[in-house]
Structures are given as structure tokens and as C-alpha cells.
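Data block for entry.cif (mmCIF, C-alpha atoms and all ligand atoms):
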```cif
data_work
#
loop_
_atom_site.group_PDB
_atom_site.id
_atom_site.type_symbol
_atom_site.label_atom_id
_atom_site.label_comp_id
_atom_site.auth_asym_id
_atom_site.auth_seq_id
_atom_site.Cartn_x
_atom_site.Cartn_y
_atom_site.Cartn_z
ATOM 1 C CA MET X 1 75.615 93.896 125.990
ATOM 2 C CA GLU X 2 78.373 94.011 128.597
ATOM 3 C CA LEU X 3 81.505 94.829 126.678
ATOM 4 C CA ILE X 4 80.188 97.251 124.088
ATOM 5 C CA ILE X 5 77.873 100.266 124.234
ATOM 6 C CA VAL X 6 75.374 100.687 121.418
ATOM 7 C CA HIS X 7 73.723 104.000 120.534
ATOM 8 C CA GLU X 8 71.203 103.054 117.890
ATOM 9 C CA GLN X 9 70.267 106.674 117.232
ATOM 10 C CA TYR X 10 73.517 108.523 117.793
ATOM 11 C CA ALA X 11 72.366 110.978 115.125
ATOM 12 C CA PRO X 12 69.656 110.760 112.480
ATOM 13 C CA GLY X 13 70.501 107.686 110.393
ATOM 14 C CA VAL X 14 73.736 107.086 112.287
ATOM 15 C CA ALA X 15 74.427 104.443 114.949
ATOM 16 C CA LEU X 16 77.499 104.271 117.168
ATOM 17 C CA ILE X 17 79.135 101.242 118.770
ATOM 18 C CA GLN X 18 81.765 101.835 121.418
ATOM 19 C CA LEU X 19 84.075 99.034 122.526
ATOM 20 C CA ASN X 20 83.977 99.096 126.299
ATOM 21 C CA ARG X 21 86.679 97.080 128.082
ATOM 22 C CA PRO X 22 88.743 100.107 129.085
ATOM 23 C CA LYS X 23 90.862 98.402 131.772
ATOM 24 C CA GLU X 24 92.115 95.871 129.220
ATOM 25 C CA LEU X 25 92.558 98.521 126.499
ATOM 26 C CA ASN X 26 89.545 97.000 124.729
ATOM 27 C CA ALA X 27 91.327 93.670 124.205
ATOM 28 C CA LEU X 28 89.076 91.666 121.917
ATOM 29 C CA ASN X 29 87.944 88.542 123.707
ATOM 30 C CA PRO X 30 85.385 86.181 122.129
ATOM 31 C CA GLN X 31 82.521 87.626 124.195
ATOM 32 C CA LEU X 32 83.246 91.154 122.985
ATOM 33 C CA MET X 33 83.492 89.978 119.381
ATOM 34 C CA GLN X 34 80.202 88.091 119.651
ATOM 35 C CA GLU X 35 78.462 91.115 121.146
ATOM 36 C CA LEU X 36 79.894 93.250 118.356
ATOM 37 C CA ARG X 37 78.759 90.755 115.727
ATOM 38 C CA ASP X 38 75.224 90.653 117.198
ATOM 39 C CA ALA X 39 74.958 94.444 117.465
ATOM 40 C CA LEU X 40 76.194 94.960 113.909
ATOM 41 C CA HIS X 41 73.821 92.332 112.601
ATOM 42 C CA GLN X 42 70.921 94.048 114.375
ATOM 43 C CA LEU X 43 71.865 97.546 113.180
ATOM 44 C CA ASP X 44 72.394 96.251 109.656
ATOM 45 C CA ARG X 45 68.749 95.126 109.670
ATOM 46 C CA THR X 46 67.358 98.336 111.224
ATOM 47 C CA GLU X 47 65.967 100.496 108.465
ATOM 48 C CA ALA X 48 66.415 103.786 110.325
ATOM 49 C CA VAL X 49 70.161 103.136 110.597
ATOM 50 C CA ARG X 50 72.129 103.968 107.462
ATOM 51 C CA VAL X 51 75.705 104.265 108.686
ATOM 52 C CA ILE X 52 77.489 102.706 111.668
ATOM 53 C CA ILE X 53 80.466 104.191 113.515
ATOM 54 C CA LEU X 54 82.781 101.933 115.500
ATOM 55 C CA THR X 55 85.024 103.460 118.133
ATOM 56 C CA GLY X 56 86.919 102.777 121.338
ATOM 57 C CA ASN X 57 88.106 105.363 123.840
ATOM 58 C CA GLU X 58 90.892 107.920 123.979
ATOM 59 C CA GLN X 59 93.478 105.381 125.120
ATOM 60 C CA ALA X 60 92.621 102.527 122.820
ATOM 61 C CA PHE X 61 90.512 101.545 119.876
ATOM 62 C CA ALA X 62 91.596 97.989 120.740
ATOM 63 C CA ALA X 63 95.018 96.655 121.778
ATOM 64 C CA GLY X 64 94.492 93.340 120.017
ATOM 65 C CA ALA X 65 93.005 89.957 120.698
ATOM 66 C CA ASP X 66 92.971 89.037 124.381
ATOM 67 C CA ILE X 67 96.454 87.610 124.927
ATOM 68 C CA LYS X 68 95.608 86.315 128.403
ATOM 69 C CA GLN X 69 92.734 84.235 127.041
ATOM 70 C CA MET X 70 94.776 82.864 124.120
ATOM 71 C CA ALA X 71 98.136 82.271 125.743
ATOM 72 C CA GLY X 72 97.667 78.695 126.957
ATOM 73 C CA LYS X 73 95.552 77.371 124.093
ATOM 74 C CA SER X 74 96.693 74.580 121.785
ATOM 75 C CA ALA X 75 96.403 74.866 118.014
ATOM 76 C CA VAL X 76 93.555 72.350 118.060
ATOM 77 C CA GLU X 77 91.693 74.287 120.772
ATOM 78 C CA MET X 78 92.089 77.460 118.697
ATOM 79 C CA LEU X 79 90.823 75.631 115.622
ATOM 80 C CA ILE X 80 87.791 74.221 117.424
ATOM 81 C CA MET X 81 87.004 77.582 119.027
ATOM 82 C CA ASP X 82 86.739 78.934 115.468
ATOM 83 C CA GLN X 83 86.696 82.562 116.595
ATOM 84 C CA PHE X 84 87.128 83.769 113.046
ATOM 85 C CA SER X 85 83.591 82.780 112.093
ATOM 86 C CA THR X 86 82.525 85.797 114.193
ATOM 87 C CA TRP X 87 85.000 88.007 112.339
ATOM 88 C CA ASP X 88 83.742 86.652 108.997
ATOM 89 C CA GLN X 89 80.198 87.659 109.911
ATOM 90 C CA ILE X 90 81.331 91.174 110.813
ATOM 91 C CA ARG X 91 82.906 91.453 107.377
ATOM 92 C CA LYS X 92 79.466 90.901 105.840
ATOM 93 C CA VAL X 93 77.895 94.083 107.240
ATOM 94 C CA LYS X 94 76.223 95.832 104.322
ATOM 95 C CA LYS X 95 76.009 99.368 105.661
ATOM 96 C CA PRO X 96 78.994 101.700 105.767
ATOM 97 C CA LEU X 97 81.084 100.985 108.842
ATOM 98 C CA LEU X 98 83.395 103.832 109.849
ATOM 99 C CA ALA X 99 86.236 103.378 112.331
ATOM 100 C CA ALA X 100 86.990 106.321 114.635
ATOM 101 C CA VAL X 101 90.401 105.490 116.082
ATOM 102 C CA SER X 102 92.165 107.079 119.038
ATOM 103 C CA GLY X 103 95.015 105.453 120.916
ATOM 104 C CA PHE X 104 96.136 101.894 120.267
ATOM 105 C CA ALA X 105 94.819 99.954 117.281
ATOM 106 C CA LEU X 106 97.095 96.925 117.500
ATOM 107 C CA GLY X 107 96.983 93.353 116.297
ATOM 108 C CA GLY X 108 93.326 92.322 116.113
ATOM 109 C CA GLY X 109 92.453 95.969 116.891
ATOM 110 C CA CYS X 110 94.227 97.142 113.749
ATOM 111 C CA GLU X 111 92.623 94.270 111.843
ATOM 112 C CA LEU X 112 89.179 95.250 113.114
ATOM 113 C CA ALA X 113 89.741 98.874 112.076
ATOM 114 C CA MET X 114 90.844 97.656 108.642
ATOM 115 C CA MET X 115 87.659 95.591 108.318
ATOM 116 C CA CYS X 116 85.739 98.861 108.510
ATOM 117 C CA ASP X 117 85.159 100.780 105.289
ATOM 118 C CA LEU X 118 87.385 103.663 106.263
ATOM 119 C CA ILE X 119 89.414 104.875 109.208
ATOM 120 C CA VAL X 120 89.587 108.371 110.672
ATOM 121 C CA ALA X 121 92.430 108.707 113.176
ATOM 122 C CA SER X 122 92.993 111.142 116.003
ATOM 123 C CA GLU X 123 96.496 112.442 116.677
ATOM 124 C CA THR X 124 96.956 109.850 119.421
ATOM 125 C CA ALA X 125 96.216 106.838 117.179
ATOM 126 C CA ARG X 126 98.910 104.150 116.958
ATOM 127 C CA PHE X 127 98.484 101.361 114.441
ATOM 128 C CA GLY X 128 100.473 98.159 114.375
ATOM 129 C CA GLN X 129 100.624 94.399 114.018
ATOM 130 C CA PRO X 130 102.916 93.566 116.959
ATOM 131 C CA GLU X 131 102.067 89.839 117.025
ATOM 132 C CA ILE X 132 105.653 89.013 116.032
ATOM 133 C CA LYS X 133 106.784 90.274 119.451
ATOM 134 C CA ILE X 134 104.673 87.625 121.171
ATOM 135 C CA GLY X 135 105.712 84.775 118.919
ATOM 136 C CA THR X 136 102.819 84.705 116.522
ATOM 137 C CA ILE X 137 101.568 86.469 113.408
ATOM 138 C CA PRO X 138 98.430 88.414 112.478
ATOM 139 C CA GLY X 139 95.452 86.059 112.227
ATOM 140 C CA ALA X 140 92.435 88.215 111.416
ATOM 141 C CA GLY X 141 93.544 89.444 108.019
ATOM 142 C CA GLY X 142 96.471 91.685 108.961
ATOM 143 C CA THR X 143 98.984 90.240 106.515
ATOM 144 C CA GLN X 144 96.462 90.676 103.700
ATOM 145 C CA ARG X 145 94.600 93.899 104.461
ATOM 146 C CA LEU X 146 97.589 95.860 105.750
ATOM 147 C CA THR X 147 99.613 94.864 102.683
ATOM 148 C CA ARG X 148 96.821 95.960 100.367
ATOM 149 C CA ALA X 149 96.389 99.209 102.285
ATOM 150 C CA VAL X 150 99.994 100.341 102.730
ATOM 151 C CA GLY X 151 101.962 98.265 100.198
ATOM 152 C CA LYS X 152 104.367 95.391 100.660
ATOM 153 C CA ALA X 153 107.429 97.232 101.972
ATOM 154 C CA LYS X 154 105.621 99.109 104.760
ATOM 155 C CA ALA X 155 103.575 96.035 105.665
ATOM 156 C CA MET X 156 106.761 93.965 105.895
ATOM 157 C CA GLU X 157 108.360 96.592 108.126
ATOM 158 C CA LEU X 158 105.375 96.734 110.485
ATOM 159 C CA ILE X 159 104.646 93.012 110.591
ATOM 160 C CA LEU X 160 108.261 91.812 110.824
ATOM 161 C CA THR X 161 109.364 94.373 113.427
ATOM 162 C CA GLY X 162 106.104 94.823 115.339
ATOM 163 C CA ARG X 163 106.656 98.605 115.242
ATOM 164 C CA PHE X 164 103.760 101.000 115.631
ATOM 165 C CA MET X 165 102.754 103.519 113.001
ATOM 166 C CA SER X 166 101.638 107.043 113.945
ATOM 167 C CA ALA X 167 98.381 108.589 112.755
ATOM 168 C CA GLU X 168 100.281 110.847 110.327
ATOM 169 C CA GLU X 169 102.106 107.851 108.862
ATOM 170 C CA ALA X 170 98.829 105.949 108.585
ATOM 171 C CA VAL X 171 97.397 108.785 106.503
ATOM 172 C CA ALA X 172 100.562 109.086 104.418
ATOM 173 C CA TYR X 173 100.363 105.356 103.612
ATOM 174 C CA GLY X 174 96.642 105.389 102.874
ATOM 175 C CA LEU X 175 95.536 103.352 105.877
ATOM 176 C CA ALA X 176 93.534 106.214 107.404
ATOM 177 C CA ILE X 177 91.794 108.967 105.487
ATOM 178 C CA LYS X 178 92.729 111.799 107.836
ATOM 179 C CA VAL X 179 94.154 112.720 111.199
ATOM 180 C CA VAL X 180 92.362 115.176 113.458
ATOM 181 C CA PRO X 181 92.785 116.475 117.018
ATOM 182 C CA VAL X 182 91.275 114.110 119.608
ATOM 183 C CA GLU X 183 88.336 116.405 120.345
ATOM 184 C CA MET X 184 87.517 116.600 116.626
ATOM 185 C CA LEU X 185 87.457 112.841 116.047
ATOM 186 C CA MET X 186 83.762 112.217 116.647
ATOM 187 C CA PRO X 187 82.517 115.446 115.008
ATOM 188 C CA GLU X 188 84.626 114.623 111.948
ATOM 189 C CA VAL X 189 83.428 111.022 111.662
ATOM 190 C CA LEU X 190 79.864 112.068 112.349
ATOM 191 C CA ALA X 191 80.004 114.629 109.540
ATOM 192 C CA LEU X 192 81.186 111.894 107.162
ATOM 193 C CA ALA X 193 78.514 109.507 108.402
ATOM 194 C CA ARG X 194 75.750 112.071 108.000
ATOM 195 C CA GLU X 195 76.869 112.876 104.482
ATOM 196 C CA MET X 196 76.674 109.172 103.588
ATOM 197 C CA ALA X 197 73.382 108.719 105.457
ATOM 198 C CA ALA X 198 71.763 111.374 103.285
ATOM 199 C CA HIS X 199 72.374 109.356 100.123
ATOM 200 C CA SER X 200 70.269 106.491 98.807
ATOM 201 C CA PRO X 201 70.941 103.498 101.093
ATOM 202 C CA ILE X 202 70.470 101.201 98.115
ATOM 203 C CA ALA X 203 73.109 102.966 96.047
ATOM 204 C CA ILE X 204 75.380 103.133 99.113
ATOM 205 C CA GLN X 205 75.132 99.376 99.700
ATOM 206 C CA LEU X 206 75.755 98.518 96.056
ATOM 207 C CA ALA X 207 78.695 100.931 95.887
ATOM 208 C CA LYS X 208 80.270 99.463 99.049
ATOM 209 C CA GLU X 209 79.895 95.952 97.682
ATOM 210 C CA ALA X 210 81.473 96.970 94.389
ATOM 211 C CA VAL X 211 84.455 98.746 96.003
ATOM 212 C CA ASN X 212 85.087 95.681 98.169
ATOM 213 C CA ARG X 213 85.193 93.579 95.019
ATOM 214 C CA ALA X 214 88.305 95.501 93.986
ATOM 215 C CA TYR X 215 90.082 93.685 96.807
ATOM 216 C CA GLU X 216 88.610 90.300 96.162
ATOM 217 C CA THR X 217 88.908 89.711 92.466
ATOM 218 C CA HIS X 218 90.798 90.659 89.312
ATOM 219 C CA LEU X 219 89.935 93.737 87.277
ATOM 220 C CA ASP X 220 87.679 92.177 84.611
ATOM 221 C CA GLU X 221 85.474 90.481 87.169
ATOM 222 C CA GLY X 222 85.451 93.581 89.376
ATOM 223 C CA LEU X 223 84.355 95.763 86.460
ATOM 224 C CA ALA X 224 81.584 93.325 85.538
ATOM 225 C CA PHE X 225 80.410 93.280 89.148
ATOM 226 C CA GLU X 226 80.424 97.070 89.318
ATOM 227 C CA ARG X 227 78.428 97.268 86.076
ATOM 228 C CA LYS X 228 75.753 94.904 87.406
ATOM 229 C CA ASN X 229 75.380 96.913 90.589
ATOM 230 C CA PHE X 230 75.269 100.111 88.530
ATOM 231 C CA TYR X 231 72.380 98.715 86.450
ATOM 232 C CA LEU X 232 70.714 97.505 89.648
ATOM 233 C CA THR X 233 70.508 101.068 91.041
ATOM 234 C CA PHE X 234 68.156 101.799 88.103
ATOM 235 C CA ALA X 235 65.665 99.383 89.666
ATOM 236 C CA SER X 236 65.373 101.701 92.697
ATOM 237 C CA GLU X 237 63.028 104.645 93.233
ATOM 238 C CA ASP X 238 66.002 106.426 94.789
ATOM 239 C CA GLN X 239 67.839 106.527 91.461
ATOM 240 C CA LYS X 240 64.781 108.033 89.765
ATOM 241 C CA GLU X 241 64.369 110.528 92.596
ATOM 242 C CA GLY X 242 68.091 111.412 92.650
ATOM 243 C CA MET X 243 68.310 112.115 88.924
ATOM 244 C CA GLN X 244 64.928 113.877 88.773
ATOM 245 C CA ALA X 245 65.947 116.098 91.701
ATOM 246 C CA PHE X 246 69.144 117.017 89.856
ATOM 247 C CA ILE X 247 67.178 117.961 86.759
ATOM 248 C CA GLU X 248 64.687 119.975 88.826
ATOM 249 C CA LYS X 249 67.558 121.616 90.757
ATOM 250 C CA ARG X 250 66.252 120.499 94.176
ATOM 251 C CA LYS X 251 67.512 118.310 97.018
ATOM 252 C CA PRO X 252 66.671 114.612 96.582
ATOM 253 C CA ASP X 253 64.494 112.861 99.135
ATOM 254 C CA PHE X 254 65.829 109.309 99.334
ATOM 255 C CA LYS X 255 63.453 106.707 100.768
ATOM 256 C CA GLY X 256 65.626 103.593 100.561
ATOM 257 C CA ARG X 257 63.267 102.017 98.016
HETATM 258 C C1 LIG X 301 95.001 91.227 127.016
HETATM 259 C C2 LIG X 301 95.802 93.344 127.346
HETATM 260 C C3 LIG X 301 96.106 93.470 125.965
HETATM 261 C C4 LIG X 301 95.791 92.369 125.122
HETATM 262 C C5 LIG X 301 96.681 95.289 126.942
HETATM 263 N N1 LIG X 301 96.175 94.487 127.903
HETATM 264 N N2 LIG X 301 96.662 94.683 125.754
HETATM 265 N N3 LIG X 301 95.253 92.234 127.848
HETATM 266 N N4 LIG X 301 95.244 91.268 125.684
HETATM 267 N N5 LIG X 301 96.002 92.393 123.790
HETATM 268 C C6 LIG X 301 96.033 94.781 129.333
HETATM 269 C C7 LIG X 301 97.359 94.716 130.058
HETATM 270 O O1 LIG X 301 97.690 93.386 130.396
HETATM 271 C C8 LIG X 301 97.081 95.571 131.272
HETATM 272 O O2 LIG X 301 96.310 94.822 132.187
HETATM 273 C C9 LIG X 301 96.172 96.641 130.718
HETATM 274 O O3 LIG X 301 95.601 96.120 129.527
HETATM 275 C C10 LIG X 301 96.942 97.923 130.377
HETATM 276 O O4 LIG X 301 98.011 97.565 129.521
HETATM 277 P P1 LIG X 301 99.550 97.996 129.816
HETATM 278 O O5 LIG X 301 100.410 97.060 129.048
HETATM 279 O O6 LIG X 301 99.790 98.128 131.267
HETATM 280 O O7 LIG X 301 99.564 99.445 129.162
HETATM 281 P P2 LIG X 301 100.776 100.208 128.491
HETATM 282 O O8 LIG X 301 102.028 100.046 129.285
HETATM 283 O O9 LIG X 301 100.277 101.589 128.226
HETATM 284 O O10 LIG X 301 101.014 99.476 127.088
HETATM 285 C C11 LIG X 301 100.011 99.508 126.114
HETATM 286 C C12 LIG X 301 100.341 98.465 125.014
HETATM 287 C C13 LIG X 301 100.538 97.090 125.639
HETATM 288 C C14 LIG X 301 101.564 98.914 124.226
HETATM 289 C C15 LIG X 301 99.135 98.485 124.052
HETATM 290 O O11 LIG X 301 99.448 96.812 126.507
HETATM 291 C C16 LIG X 301 100.664 95.978 124.638
HETATM 292 O O12 LIG X 301 101.690 95.802 124.017
HETATM 293 N N6 LIG X 301 99.588 95.201 124.503
HETATM 294 C C17 LIG X 301 99.568 94.040 123.640
HETATM 295 C C18 LIG X 301 99.504 94.436 122.188
HETATM 296 C C19 LIG X 301 99.541 93.224 121.277
HETATM 297 O O13 LIG X 301 100.505 92.461 121.273
HETATM 298 N N7 LIG X 301 98.471 93.005 120.521
HETATM 299 C C20 LIG X 301 98.332 91.853 119.617
HETATM 300 C C21 LIG X 301 97.683 90.703 120.330
HETATM 301 S S1 LIG X 301 97.620 89.247 119.344
HETATM 302 P P3 LIG X 301 96.874 94.523 133.684
HETATM 303 O O14 LIG X 301 95.739 93.785 134.316
HETATM 304 O O15 LIG X 301 98.112 93.745 133.510
HETATM 305 O O16 LIG X 301 97.105 95.887 134.262
HETATM 306 C C22 LIG X 301 96.377 89.547 118.252
HETATM 307 C C23 LIG X 301 96.118 88.442 117.237
HETATM 308 C C24 LIG X 301 94.861 88.729 116.498
HETATM 309 O O17 LIG X 301 95.737 90.549 118.254
HETATM 310 C C25 LIG X 301 94.295 87.468 115.947
HETATM 311 C C26 LIG X 301 92.834 87.591 115.681
HETATM 312 C C27 LIG X 301 91.926 87.264 116.790
#
```
Have the structure of the file written as C-alpha cells, please.
Amino acid sequence: MELIIVHEQYAPGVALIQLNRPKELNALNPQLMQELRDALHQLDRTEAVRVIILTGNEQAFAAGADIKQMAGKSAVEMLIMDQFSTWDQIRKVKKPLLAAVSGFALGGGCELAMMCDLIVASETARFGQPEIKIGTIPGAGGTQRLTRAVGKAKAMELILTGRFMSAEEAVAYGLAIKVVPVEMLMPEVLALAREMAAHSPIAIQLAKEAVNRAYETHLDEGLAFERKNFYLTFASEDQKEGMQAFIEKRKPDFKGR
């Protein structure tokens, strides 16, 4: 891995991936996205890993797709390159994926953060879809996910003006769950990750899948999907252990079985 740094055991049950193209503000070129896809795929299959944190550096989570690499391409070249198949695979990660965002999260960077399950922002975070300023539009889900996250009016403002949104605004509009001082970003995300990692990984995966359904389908189908996953947790030893531990007033010991 050249453009990302992977800490498989950042903390017990928690892995960390750091985007690492600092000079280019972590601009997302195809190589970086492929490395990210491969690392996520690997961590998703590693039993000891239960939660994955994705972060950048203090200046940038990611300032978008690599404009220099895209600028001269024709529509047909872009189509054949099919970079979004990599993004589609990232979307299929089953474990919780938490975005820790400082600095710029713009264009594809904002879209990548929104593909995570939740975003924690530091005070320096700036979110935006500024593609309009360079004669294009969001291409990795920005018009859809931002609109679902912040509502139509705010999404229209951001996407049609290219303006950036502060961390406080992102929290106010429901894009990020909280804003913390820069030095508290990783401790805060790690605390969240560890809390999730302590739960049954089976229940966590089924819950994540079910919440995502809320975005992908209408209510009746979403409720039916949730119900099936709810029943499915009763096929796990973890559900038996979790409920028995409650009854016996002790801490559960989840084995992921
Ligand atoms: C390539 C980038 C880049 C990008 C920054 N850089 N963003 N290179 N692609 N998206 C490079 C700059 O060229 C510069 O390199 C170095 O990083 C530092 O950037 P500066 O512009 O000098 O920094 P600053 O003045 O602080 O401004 C920061 C910034 C600005 C506001 C974030 O860099 C900016 O506007 N970047 C582009 C943001 C954007 O439009 N993103 C959307 C891209 S389209 P050099 O070598 O010149 O010093 C997109 C579509 C997604 O994401 C579709 C899905 C794939």
C-alpha cells in the first residue's frame, strides 16, 4: 500500500485506515481508491476486526477526486475506466465504517465520508460538493446522499453554489454526528468504535444492513427486511448470550457466532 496506511490492530477489535497523499490533500486517484477497496475488503474478512475507522490528516480528509488525472479525459474514457466499480465495492463493506474528518472533505472526499456509516468532524472540517466550480457535478453519490442527509434545500445550496459547510453546520444538518476539537477527534471516534466492537458482530452487521435499507427502499420493504434480520439474530449464539447475560445481570461475552 503506497497511498494509504493500514493499522489492522489500532485498538482491540478496531482497525484504522489513513489516506496518505498529504501533498495533494488526499486527492482520490484510482490507485488510492483501489488500495482502499483492497484494504477494506481484507479487514472486512478479518475476524479480529469488528469496526473500521477511515481518516485523513489535519488538513484534509480528501479534497476530492484527482482533478489533474481527470481533466483531459473524454466521456468515453471515463466510462471505460469505470472507476465507480471500486466505489461500489467499498459500499459493500459489512462492518461499521466510521469517518473521522478533519480539514477538507470535498467532492469525492465528501462522498467518501458519506459512504461511511457515520461521520465525526473536528472543528477544522469543511464539507462541500464544489464540482460545479470546475464545470461538473458530483459523480460518486453526492447528489443523492447529501440530499438524503441534509435535505433538498441545503443540498441545492451546496451543490449549486459549491460553497463549503462548516463542521458545526454539518452537525446541525445531520451530516456529522458531532464536532470535537482536533486533538479529540481520534479519541472520540475510537471510543465510539470500541463501544460498537464490544457488541455482537452478527447483530452489528444485520443492524447496519437494515439501517442502510431505509435509504434504498420504501417503508414496507424496509420494515420487512428489518424483521427478517431481527429474526436472524435469534440464530446466533450471541443473541442467546446477550439476553442470558442481561437476565443474569452480568456483562455479555460476544463470540461472533
Ligand atoms: C488534484 C488537488 C486536489 C484535487 C487539491 N489538490 N485538491 N489535486 N485533485 N481534487 C492539490 C493542489 O493542486 C495543490 O497541488 C495541493 O493539492 C494543495 O492544494 P492548494 O489548492 O494549493 O491548497 P489550498 O489553497 O489550501 O486550497 C485547498 C482547496 C483547493 C480549497 C481544497 O485545493 C481545492 O479547491 N481543491 C479542489 C476541490 C474540488 O474541486 N474537489 C472536487 C473534485 S471533483 P500543487 O502541486 O498545485 O501545489 C470530484 C468528483 C468526484 O471530486 C467524482 C467521483 C470520483
Inset, instruction - Find the residues near Asn26 (chain X): any atom within 6 Å, counting all atoms listed in the file, skip ones fewer than 3 places away on the same chain, and give them as a list in words. - result: Arg21, Pro22 and Ala62 of chain X
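Closest approach to ligand LIG 301 (chain X) among X:Gln18, X:Thr55, X:Ser122, X:Thr161 is made by X:Thr161 (distances from only C-alpha atoms and all ligand atoms).
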Inset, instruction - Step by step, work through what the PyMOL selection byres (((chain X and resi 107) around 9) and not hetatm) selects in the shown file, and finish by giving those residues as a ChimeraX atom specification. - result: /X:62-65,105-106,108-112,127-131,137-140,142
Expected residue set, 6 Å radius at (69.2, 101.7, 101.4), all atoms listed in the file, as a tab-separated table (two decimals) with C-alpha atoms, in the frame of the given file:
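The file below, selection.tsv, is the result:
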```tsv
chain	number	residue	atom	x	y	z
X	200	SER	CA	70.27	106.49	98.81
X	201	PRO	CA	70.94	103.50	101.09
X	202	ILE	CA	70.47	101.20	98.12
X	256	GLY	CA	65.63	103.59	100.56
```
Inset, instruction - On this file, the PyMOL selection byres (((chain X and resi 30) around 10) and not hetatm) gives some set of residues; write that set as a VMD selection string. - result: chain X and resid 27 to 29 31 to 36 65 to 66 69 81 to 84 86 to 87
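Atom to atom, CA of Ala170 (chain X) and CA of Leu190 (chain X) stand 20.3 Å apart.
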